[in-house]
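Heads up, start-v4.json below (JSON, C-alpha atoms):
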[["chain", "number", "residue", "atom", "x", "y", "z"],
["Y", 1, "MET", "CA", 22.37, 0.25, 2.32],
["Y", 2, "ALA", "CA", 20.38, 1.36, 5.35],
["Y", 3, "ALA", "CA", 16.85, 0.02, 5.67],
["Y", 4, "LEU", "CA", 13.91, 2.21, 4.71],
["Y", 5, "LEU", "CA", 11.64, 0.21, 7.05],
["Y", 6, "GLU", "CA", 13.02, -1.49, 10.15],
["Y", 7, "VAL", "CA", 10.70, -3.43, 12.45],
["Y", 8, "LYS", "CA", 11.96, -5.11, 15.61],
["Y", 9, "ASN", "CA", 10.22, -7.38, 18.15],
["Y", 10, "LEU", "CA", 6.73, -6.31, 17.05],
["Y", 11, "GLY", "CA", 3.84, -7.95, 18.87],
["Y", 12, "ILE", "CA", 0.16, -7.57, 19.68],
["Y", 13, "SER", "CA", -2.49, -9.61, 21.50],
["Y", 14, "PHE", "CA", -6.28, -9.54, 21.30],
["Y", 15, "GLY", "CA", -8.16, -10.87, 24.31],
["Y", 16, "GLY", "CA", -5.31, -13.14, 25.31],
["Y", 17, "LEU", "CA", -4.75, -14.38, 21.74],
["Y", 18, "ARG", "CA", -1.26, -13.68, 20.45],
["Y", 19, "ALA", "CA", -1.93, -12.37, 16.93],
["Y", 20, "VAL", "CA", 1.63, -11.27, 16.12],
["Y", 21, "ASP", "CA", 4.69, -12.31, 18.09],
["Y", 22, "ASP", "CA", 8.28, -11.09, 17.79],
["Y", 23, "PHE", "CA", 7.89, -9.94, 14.18],
["Y", 24, "GLU", "CA", 10.97, -8.43, 12.56],
["Y", 25, "ILE", "CA", 11.62, -7.18, 9.05],
["Y", 26, "SER", "CA", 14.14, -4.97, 7.27],
["Y", 27, "ILE", "CA", 13.27, -3.55, 3.86],
["Y", 28, "LYS", "CA", 15.74, -1.56, 1.79],
["Y", 29, "LYS", "CA", 14.78, 1.43, -0.34],
["Y", 30, "GLY", "CA", 13.52, 0.34, -3.74],
["Y", 31, "GLN", "CA", 12.76, -3.25, -2.78],
["Y", 32, "LEU", "CA", 9.72, -5.24, -3.83],
["Y", 33, "TYR", "CA", 9.08, -7.32, -0.72],
["Y", 34, "GLY", "CA", 6.39, -9.94, -0.13],
["Y", 35, "LEU", "CA", 4.58, -10.97, 3.05],
["Y", 36, "ILE", "CA", 2.80, -14.31, 2.68],
["Y", 37, "GLY", "CA", 1.24, -17.01, 4.82],
["Y", 38, "PRO", "CA", -1.96, -19.00, 5.39],
["Y", 39, "ASN", "CA", -5.25, -17.27, 6.12],
["Y", 40, "GLY", "CA", -5.23, -15.96, 9.68],
["Y", 41, "ALA", "CA", -1.44, -15.90, 9.89],
["Y", 42, "GLY", "CA", -1.37, -12.23, 10.93],
["Y", 43, "LYS", "CA", -0.44, -10.52, 7.66],
["Y", 44, "THR", "CA", -3.15, -7.84, 7.62],
["Y", 45, "THR", "CA", -2.66, -7.32, 11.36],
["Y", 46, "ILE", "CA", 0.94, -6.38, 10.59],
["Y", 47, "PHE", "CA", -0.23, -3.90, 7.96],
["Y", 48, "ASN", "CA", -2.61, -2.44, 10.55],
["Y", 49, "LEU", "CA", 0.28, -2.11, 13.01],
["Y", 50, "LEU", "CA", 2.50, -0.45, 10.41],
["Y", 51, "THR", "CA", -0.22, 2.08, 9.52],
["Y", 52, "GLY", "CA", -1.44, 2.97, 13.01],
["Y", 53, "VAL", "CA", -4.79, 1.16, 12.90],
["Y", 54, "TYR", "CA", -3.54, -0.89, 15.86],
["Y", 55, "LYS", "CA", -0.96, 0.08, 18.46],
["Y", 56, "PRO", "CA", 1.57, -2.67, 19.17],
["Y", 57, "SER", "CA", 1.90, -4.23, 22.61],
["Y", 58, "GLU", "CA", 5.66, -4.12, 22.14],
["Y", 59, "GLY", "CA", 8.27, -3.53, 19.48],
["Y", 60, "VAL", "CA", 9.61, -0.66, 17.40],
["Y", 61, "ILE", "CA", 8.72, 0.50, 13.88],
["Y", 62, "SER", "CA", 11.21, 2.83, 12.19],
["Y", 63, "LEU", "CA", 10.89, 4.56, 8.84],
["Y", 64, "GLU", "CA", 14.15, 5.99, 7.52],
["Y", 65, "GLY", "CA", 15.52, 5.87, 11.05],
["Y", 66, "ASN", "CA", 12.57, 7.72, 12.61],
["Y", 67, "ASN", "CA", 10.50, 5.94, 15.25],
["Y", 68, "ILE", "CA", 6.86, 5.94, 14.13],
["Y", 69, "THR", "CA", 5.61, 3.34, 16.64],
["Y", 70, "GLY", "CA", 2.13, 4.13, 17.92],
["Y", 71, "LEU", "CA", 1.54, 7.20, 15.77],
["Y", 72, "LYS", "CA", -1.95, 7.85, 14.41],
["Y", 73, "THR", "CA", -2.78, 6.70, 10.90],
["Y", 74, "ILE", "CA", -2.77, 10.21, 9.44],
["Y", 75, "GLU", "CA", 0.60, 10.92, 11.05],
["Y", 76, "ILE", "CA", 2.08, 7.73, 9.61],
["Y", 77, "ASN", "CA", 0.72, 8.62, 6.18],
["Y", 78, "LYS", "CA", 2.35, 12.04, 6.42],
["Y", 79, "ALA", "CA", 5.58, 10.34, 7.52],
["Y", 80, "GLY", "CA", 5.60, 8.41, 4.26],
["Y", 81, "ILE", "CA", 3.55, 5.17, 4.37],
["Y", 82, "ALA", "CA", 0.45, 4.61, 2.25],
["Y", 83, "ARG", "CA", -1.63, 1.48, 1.73],
["Y", 84, "THR", "CA", -4.36, -0.21, -0.24],
["Y", 85, "PHE", "CA", -6.83, -2.76, 1.13],
["Y", 86, "GLN", "CA", -7.86, -6.31, 0.29],
["Y", 87, "ASN", "CA", -11.44, -5.08, 0.05],
["Y", 88, "ILE", "CA", -11.14, -2.00, -2.15],
["Y", 89, "ARG", "CA", -11.92, 1.21, -0.26],
["Y", 90, "LEU", "CA", -12.71, 3.97, -2.71],
["Y", 91, "PHE", "CA", -14.99, 6.97, -2.35],
["Y", 92, "LYS", "CA", -17.46, 5.31, -4.70],
["Y", 93, "ASP", "CA", -19.84, 8.29, -4.88],
["Y", 94, "LEU", "CA", -17.01, 10.58, -6.00],
["Y", 95, "SER", "CA", -15.49, 10.78, -9.45],
["Y", 96, "VAL", "CA", -12.30, 8.97, -10.39],
["Y", 97, "LEU", "CA", -10.52, 12.35, -10.48],
["Y", 98, "ASP", "CA", -11.83, 13.40, -7.06],
["Y", 99, "ASN", "CA", -10.70, 10.11, -5.52],
["Y", 100, "VAL", "CA", -7.12, 10.88, -6.51],
["Y", 101, "LYS", "CA", -7.46, 14.51, -5.43],
["Y", 102, "ALA", "CA", -8.50, 13.26, -1.97],
["Y", 103, "GLY", "CA", -4.99, 11.86, -1.62],
["Y", 104, "LEU", "CA", -3.40, 15.19, -2.55],
["Y", 105, "HIS", "CA", -4.77, 17.32, 0.26],
["Y", 106, "ASN", "CA", -1.73, 16.78, 2.49],
["Y", 107, "HIS", "CA", 0.35, 18.64, -0.08],
["Y", 108, "TYR", "CA", -2.02, 21.19, -1.66],
["Y", 109, "LYS", "CA", -3.73, 23.32, 0.95],
["Y", 110, "TYR", "CA", -6.02, 26.30, 1.12],
["Y", 111, "SER", "CA", -7.92, 27.68, 4.09],
["Y", 112, "THR", "CA", -11.63, 27.20, 4.69],
["Y", 113, "LEU", "CA", -12.14, 30.92, 4.13],
["Y", 114, "GLU", "CA", -10.29, 30.78, 0.81],
["Y", 115, "GLY", "CA", -12.53, 27.90, -0.23],
["Y", 116, "ILE", "CA", -15.78, 29.55, 0.82],
["Y", 117, "LEU", "CA", -14.94, 32.91, -0.77],
["Y", 118, "ARG", "CA", -13.24, 31.32, -3.79],
["Y", 119, "LEU", "CA", -10.14, 33.44, -3.29],
["Y", 120, "PRO", "CA", -7.23, 33.21, -5.78],
["Y", 121, "ASN", "CA", -5.28, 30.66, -3.74],
["Y", 122, "TYR", "CA", -8.27, 28.29, -3.86],
["Y", 123, "PHE", "CA", -8.29, 28.30, -7.66],
["Y", 124, "LYS", "CA", -4.50, 28.01, -7.78],
["Y", 125, "MET", "CA", -4.51, 24.92, -5.54],
["Y", 126, "GLU", "CA", -7.49, 23.34, -7.32],
["Y", 127, "LYS", "CA", -5.76, 23.79, -10.70],
["Y", 128, "ALA", "CA", -2.54, 22.26, -9.35],
["Y", 129, "MET", "CA", -4.42, 19.29, -7.82],
["Y", 130, "ASN", "CA", -6.36, 18.66, -11.03],
["Y", 131, "GLU", "CA", -3.15, 18.62, -13.04],
["Y", 132, "LYS", "CA", -1.35, 16.32, -10.61],
["Y", 133, "ALA", "CA", -4.33, 13.98, -10.35],
["Y", 134, "MET", "CA", -4.58, 13.73, -14.14],
["Y", 135, "GLU", "CA", -0.86, 12.92, -14.34],
["Y", 136, "LEU", "CA", -1.42, 9.98, -11.98],
["Y", 137, "LEU", "CA", -4.51, 8.81, -13.85],
["Y", 138, "LYS", "CA", -2.51, 8.78, -17.10],
["Y", 139, "VAL", "CA", 0.05, 6.48, -15.48],
["Y", 140, "PHE", "CA", -2.73, 3.96, -14.87],
["Y", 141, "GLU", "CA", -4.52, 4.66, -18.18],
["Y", 142, "LEU", "CA", -7.54, 6.00, -16.33],
["Y", 143, "GLU", "CA", -7.55, 9.56, -17.68],
["Y", 144, "GLY", "CA", -10.45, 8.71, -20.02],
["Y", 145, "GLU", "CA", -12.58, 7.77, -17.00],
["Y", 146, "ALA", "CA", -11.67, 10.82, -14.89],
["Y", 147, "ASP", "CA", -15.28, 12.01, -14.71],
["Y", 148, "TYR", "CA", -16.78, 8.55, -14.07],
["Y", 149, "LEU", "CA", -18.06, 7.62, -10.65],
["Y", 150, "ALA", "CA", -15.50, 5.35, -9.03],
["Y", 151, "ALA", "CA", -18.25, 2.79, -8.39],
["Y", 152, "ASN", "CA", -18.81, 2.45, -12.14],
["Y", 153, "LEU", "CA", -15.26, 1.36, -12.96],
["Y", 154, "PRO", "CA", -14.58, -2.31, -13.70],
["Y", 155, "TYR", "CA", -13.02, -4.20, -10.81],
["Y", 156, "GLY", "CA", -9.47, -4.20, -12.19],
["Y", 157, "LYS", "CA", -9.57, -0.45, -12.79],
["Y", 158, "GLN", "CA", -10.86, 0.15, -9.27],
["Y", 159, "ARG", "CA", -7.69, -1.61, -8.05],
["Y", 160, "LYS", "CA", -5.58, 0.72, -10.17],
["Y", 161, "LEU", "CA", -7.46, 3.76, -8.91],
["Y", 162, "GLU", "CA", -6.85, 2.77, -5.30],
["Y", 163, "ILE", "CA", -3.11, 2.52, -6.00],
["Y", 164, "ALA", "CA", -3.18, 5.90, -7.79],
["Y", 165, "ARG", "CA", -4.90, 7.50, -4.80],
["Y", 166, "ALA", "CA", -2.31, 6.01, -2.42],
["Y", 167, "LEU", "CA", 0.51, 7.38, -4.59],
["Y", 168, "ALA", "CA", -1.11, 10.83, -4.47],
["Y", 169, "THR", "CA", -0.09, 11.06, -0.81],
["Y", 170, "GLU", "CA", 3.55, 10.90, -2.01],
["Y", 171, "PRO", "CA", 4.64, 7.95, 0.16],
["Y", 172, "ARG", "CA", 8.08, 6.42, 0.32],
["Y", 173, "LEU", "CA", 6.67, 3.01, 1.27],
["Y", 174, "LEU", "CA", 3.57, 1.57, -0.37],
["Y", 175, "LEU", "CA", 1.73, -1.34, 1.29],
["Y", 176, "LEU", "CA", -0.46, -3.42, -1.03],
["Y", 177, "ASP", "CA", -2.89, -5.80, 0.66],
["Y", 178, "GLU", "CA", -3.68, -8.63, -1.79],
["Y", 179, "PRO", "CA", -3.80, -6.39, -4.87],
["Y", 180, "ALA", "CA", -4.52, -9.36, -7.19],
["Y", 181, "ALA", "CA", -7.55, -10.55, -5.19],
["Y", 182, "GLY", "CA", -10.50, -11.09, -7.52],
["Y", 183, "MET", "CA", -8.47, -10.57, -10.70],
["Y", 184, "ASN", "CA", -8.38, -12.87, -13.68],
["Y", 185, "PRO", "CA", -4.99, -14.08, -15.01],
["Y", 186, "ASN", "CA", -4.72, -11.31, -17.63],
["Y", 187, "GLU", "CA", -5.51, -8.64, -15.04],
["Y", 188, "THR", "CA", -2.92, -10.17, -12.70],
["Y", 189, "MET", "CA", -0.22, -10.04, -15.37],
["Y", 190, "GLU", "CA", -1.10, -6.40, -16.05],
["Y", 191, "LEU", "CA", -0.98, -5.70, -12.32],
["Y", 192, "MET", "CA", 2.54, -7.17, -12.11],
["Y", 193, "ASP", "CA", 3.66, -4.74, -14.81],
["Y", 194, "THR", "CA", 1.95, -1.88, -12.97],
["Y", 195, "ILE", "CA", 3.67, -2.70, -9.67],
["Y", 196, "ARG", "CA", 7.07, -2.85, -11.36],
["Y", 197, "PHE", "CA", 6.35, 0.44, -13.13],
["Y", 198, "VAL", "CA", 5.40, 2.14, -9.84],
["Y", 199, "ARG", "CA", 8.57, 0.89, -8.15],
["Y", 200, "ASP", "CA", 10.84, 1.96, -10.99],
["Y", 201, "ASN", "CA", 9.24, 5.29, -11.96],
["Y", 202, "PHE", "CA", 8.09, 6.59, -8.57],
["Y", 203, "ASP", "CA", 11.27, 5.61, -6.71],
["Y", 204, "MET", "CA", 8.97, 3.50, -4.54],
["Y", 205, "THR", "CA", 9.55, 0.76, -2.00],
["Y", 206, "ILE", "CA", 6.71, -1.78, -1.97],
["Y", 207, "LEU", "CA", 5.60, -4.35, 0.59],
["Y", 208, "LEU", "CA", 2.75, -6.58, -0.52],
["Y", 209, "ILE", "CA", 0.55, -9.28, 0.95],
["Y", 210, "GLU", "CA", -0.45, -11.76, -1.71],
["Y", 211, "HIS", "CA", -1.82, -15.26, -2.22],
["Y", 212, "ASP", "CA", -1.15, -15.42, -5.96],
["Y", 213, "MET", "CA", 2.17, -17.29, -5.95],
["Y", 214, "LYS", "CA", 2.84, -16.56, -9.61],
["Y", 215, "LEU", "CA", 2.75, -12.85, -8.80],
["Y", 216, "VAL", "CA", 4.86, -13.30, -5.66],
["Y", 217, "SER", "CA", 7.55, -15.35, -7.36],
["Y", 218, "GLY", "CA", 7.50, -13.06, -10.39],
["Y", 219, "ILE", "CA", 8.10, -9.71, -8.70],
["Y", 220, "CYS", "CA", 9.18, -10.11, -5.05],
["Y", 221, "GLU", "CA", 12.91, -10.04, -4.37],
["Y", 222, "GLU", "CA", 12.55, -11.16, -0.75],
["Y", 223, "LEU", "CA", 9.79, -12.78, 1.29],
["Y", 224, "THR", "CA", 8.70, -13.22, 4.85],
["Y", 225, "VAL", "CA", 6.36, -16.13, 5.56],
["Y", 226, "LEU", "CA", 4.09, -15.94, 8.61],
["Y", 227, "ASN", "CA", 2.33, -18.77, 10.39],
["Y", 228, "PHE", "CA", 0.25, -18.26, 13.55],
["Y", 229, "GLY", "CA", 1.64, -14.75, 13.92],
["Y", 230, "ARG", "CA", 5.29, -15.79, 13.91],
["Y", 231, "ILE", "CA", 7.95, -15.78, 11.21],
["Y", 232, "LEU", "CA", 8.29, -19.18, 9.60],
["Y", 233, "SER", "CA", 10.84, -18.29, 6.94],
["Y", 234, "GLN", "CA", 12.50, -15.15, 5.65],
["Y", 235, "GLY", "CA", 14.98, -14.24, 2.91],
["Y", 236, "LYS", "CA", 15.46, -14.40, -0.84],
["Y", 237, "THR", "CA", 12.30, -15.45, -2.68],
["Y", 238, "SER", "CA", 13.75, -18.53, -4.37],
["Y", 239, "ARG", "CA", 15.13, -19.90, -1.11],
["Y", 240, "VAL", "CA", 11.97, -19.21, 0.90],
["Y", 241, "LEU", "CA", 9.66, -20.80, -1.65],
["Y", 242, "ASN", "CA", 11.75, -23.97, -1.52],
["Y", 243, "ASP", "CA", 11.87, -24.09, 2.27],
["Y", 244, "PRO", "CA", 10.24, -27.39, 3.35],
["Y", 245, "GLN", "CA", 8.52, -25.63, 6.27],
["Y", 246, "VAL", "CA", 6.90, -23.18, 3.87],
["Y", 247, "ILE", "CA", 5.79, -25.91, 1.50],
["Y", 248, "THR", "CA", 4.22, -27.82, 4.36],
["Y", 249, "ALA", "CA", 2.57, -24.88, 6.15],
["Y", 250, "TYR", "CA", 1.49, -22.76, 3.23],
["Y", 251, "LEU", "CA", 2.10, -23.91, -0.32],
["Y", 252, "GLY", "CA", 0.89, -27.40, 0.36],
["Y", 253, "GLU", "CA", -2.13, -26.51, 2.45]]
Rewrite the structure from the file as structure tokens, please.
Amino acid sequence: MAALLEVKNLGISFGGLRAVDDFEISIKKGQLYGLIGPNGAGKTTIFNLLTGVYKPSEGVISLEGNNITGLKTIEINKAGIARTFQNIRLFKDLSVLDNVKAGLHNHYKYSTLEGILRLPNYFKMEKAMNEKAMELLKVFELEGEADYLAANLPYGKQRKLEIARALATEPRLLLLDEPAAGMNPNETMELMDTIRFVRDNFDMTILLIEHDMKLVSGICEELTVLNFGRILSQGKTSRVLNDPQVITAYLGE
């Protein structure tokens, strides 16, 4: 099966410091793939390269065979990559419903004039967005909080809302940056079920950064381990987690 995401020889430096060097990864459609490593290993930098926050010094990023290297963030999102963040980034002064609707605007459009004059197409698009947003909120059992301010949701539900908003952009690849950060064990178990559900029911490919090894070993089919911006180990999860280099550099730190 051809790779959905193919990254070759990716690298970037900041002020002479080599943050990522010769990074390569191949992720097949439908995979749950993990990216792990010690703090400062370059994991979030790679997410920023994949989503256009940074432009790589060298290397090629391909999504379904299309070169997306160096595109702007919005262009990469339209191409089919969405992400969440380690530090949750919601529109906290907007409602739960409006946060999800914000992710739908690439697919439901009306002109400024239609919006100002409240022409029929405006109401048609607003109705369609409301319905789609509510469908996504039901998936995450958030429909009862649709009118709440996002800031007033409990932490675990804010995580779910951020994933729902990312899915609203209709990506093919979803990047999750430490989705279990700050969660208690029960919330983490629920999150694992949610991630599996998203993969299976949204025909989604998922790449996640995570420190919770129970979550990683429980859902990731393959792993890449980074250390000092370079690949330390890569392959099937069970083999990687038993690699002596990984145990020394990461698991045993």
### Task
For each of Y:Leu35, Y:Asp22, Y:Thr45, Y:Ala166, take the minimum atom-to-atom distance to Met213 in chain Y, counting all atoms listed in the file, then give the residue where this is smallest.
Y:Leu35
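Taking CA of Asn39 in chain Y and CA of Glu210 in chain Y as endpoints, the distance between them is 10.7 Å.
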#### Entry: Non-local contacts of Pro38 in chain Y (12 Å; all atoms listed in the file; under 2 positions in same chain excluded) as a ChimeraX atom specification
/Y:35-36,40-44,209-212,225-232,246-253
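Take CA of Ile61 in chain Y and CA of Thr194 in chain Y: the distance between them is 27.8 Å.
With all atoms listed in the file as the atoms that count, the residue of Y:Leu104, Y:Leu32, Y:Leu71, Y:Val198 with the shortest distance to Ser217 in chain Y is Y:Leu32.
Interatomic distance, CA of Val53 in chain Y to CA of Thr73 in chain Y: 6.2 Å.
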## Note on the structure
Closest of Y:Thr169, Y:Thr188, Y:Thr224, Y:Asn130 to Lys157 in chain Y, counting only C-alpha atoms, is Y:Thr188
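Distance annotation: of Y:Phe23, Y:Tyr33, Y:Phe202, Y:Phe91, the residue with the minimal separation from Tyr148 in chain Y is Y:Phe91; atom set is only C-alpha atoms.
In terms of minimum interatomic distance to Val139 in chain Y, Y:Ile195 ranks closest within Y:Thr205, Y:Asn152, Y:Ile195, Y:Pro185, counting all atoms listed in the file.
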### Message
I'd like the neighbourhood of Glu170 in chain Y as a PyMOL selection string, where a residue qualifies if any of its atoms comes within 10 Å (using only C-alpha atoms), though same-chain residues fewer than 4 positions away should be ignored.
### Response
chain Y and resi 77-82+103-104+106-107+165-166+174+202+204
Since we have the selection now, will you write its residues out, keeping C-alpha atoms, as an mmCIF file, keeping the file's coordinate frame?
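Result saved to part08.cif:
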data_model
loop_
_atom_site.group_PDB
_atom_site.id
_atom_site.type_symbol
_atom_site.label_atom_id
_atom_site.label_comp_id
_atom_site.auth_asym_id
_atom_site.auth_seq_id
_atom_site.Cartn_x
_atom_site.Cartn_y
_atom_site.Cartn_z
ATOM 1 C CA ASN Y 77 0.720 8.620 6.180
ATOM 2 C CA LYS Y 78 2.350 12.040 6.420
ATOM 3 C CA ALA Y 79 5.580 10.340 7.520
ATOM 4 C CA GLY Y 80 5.600 8.410 4.260
ATOM 5 C CA ILE Y 81 3.550 5.170 4.370
ATOM 6 C CA ALA Y 82 0.450 4.610 2.250
ATOM 7 C CA GLY Y 103 -4.990 11.860 -1.620
ATOM 8 C CA LEU Y 104 -3.400 15.190 -2.550
ATOM 9 C CA ASN Y 106 -1.730 16.780 2.490
ATOM 10 C CA HIS Y 107 0.350 18.640 -0.080
ATOM 11 C CA ARG Y 165 -4.900 7.500 -4.800
ATOM 12 C CA ALA Y 166 -2.310 6.010 -2.420
ATOM 13 C CA LEU Y 174 3.570 1.570 -0.370
ATOM 14 C CA PHE Y 202 8.090 6.590 -8.570
ATOM 15 C CA MET Y 204 8.970 3.500 -4.540
#
### Task
Might you pull out every residue within 12 Å of Glu162 in chain Y, with all atoms listed in the file counted and same-chain residues fewer than 5 positions away left off, and present them as a ChimeraX atom specification?
/Y:82-92,96-103,136-137,140,142,150-151,153,155-157,167-169,174-177,179
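Distance check against Thr237 in chain Y using all atoms listed in the file: of Y:Gly59, Y:Pro154, Y:Gly15, Y:Gly218, the minimum falls on Y:Gly218.
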Please return as an mmCIF file with C-alpha atoms, in the frame of the given file every residue within 12 Å of (12.9, -13.9, -8.2), taking into account all atoms listed in the file and the file's own coordinates.
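Result file is point37.cif:
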data_model
loop_
_atom_site.group_PDB
_atom_site.id
_atom_site.type_symbol
_atom_site.label_atom_id
_atom_site.label_comp_id
_atom_site.auth_asym_id
_atom_site.auth_seq_id
_atom_site.Cartn_x
_atom_site.Cartn_y
_atom_site.Cartn_z
ATOM 1 C CA GLN Y 31 12.760 -3.250 -2.780
ATOM 2 C CA LEU Y 32 9.720 -5.240 -3.830
ATOM 3 C CA TYR Y 33 9.080 -7.320 -0.720
ATOM 4 C CA GLY Y 34 6.390 -9.940 -0.130
ATOM 5 C CA MET Y 213 2.170 -17.290 -5.950
ATOM 6 C CA LYS Y 214 2.840 -16.560 -9.610
ATOM 7 C CA LEU Y 215 2.750 -12.850 -8.800
ATOM 8 C CA VAL Y 216 4.860 -13.300 -5.660
ATOM 9 C CA SER Y 217 7.550 -15.350 -7.360
ATOM 10 C CA GLY Y 218 7.500 -13.060 -10.390
ATOM 11 C CA ILE Y 219 8.100 -9.710 -8.700
ATOM 12 C CA CYS Y 220 9.180 -10.110 -5.050
ATOM 13 C CA GLU Y 221 12.910 -10.040 -4.370
ATOM 14 C CA GLU Y 222 12.550 -11.160 -0.750
ATOM 15 C CA LEU Y 223 9.790 -12.780 1.290
ATOM 16 C CA GLY Y 235 14.980 -14.240 2.910
ATOM 17 C CA LYS Y 236 15.460 -14.400 -0.840
ATOM 18 C CA THR Y 237 12.300 -15.450 -2.680
ATOM 19 C CA SER Y 238 13.750 -18.530 -4.370
ATOM 20 C CA ARG Y 239 15.130 -19.900 -1.110
ATOM 21 C CA VAL Y 240 11.970 -19.210 0.900
ATOM 22 C CA LEU Y 241 9.660 -20.800 -1.650
#
### Task
Excluding Glu64 in chain Y and residues on its chain fewer than 6 positions from it, collect all residues at most 9 Å away from it, counting only C-alpha atoms, and give them as a PyMOL selection string.
chain Y and resi 2-6
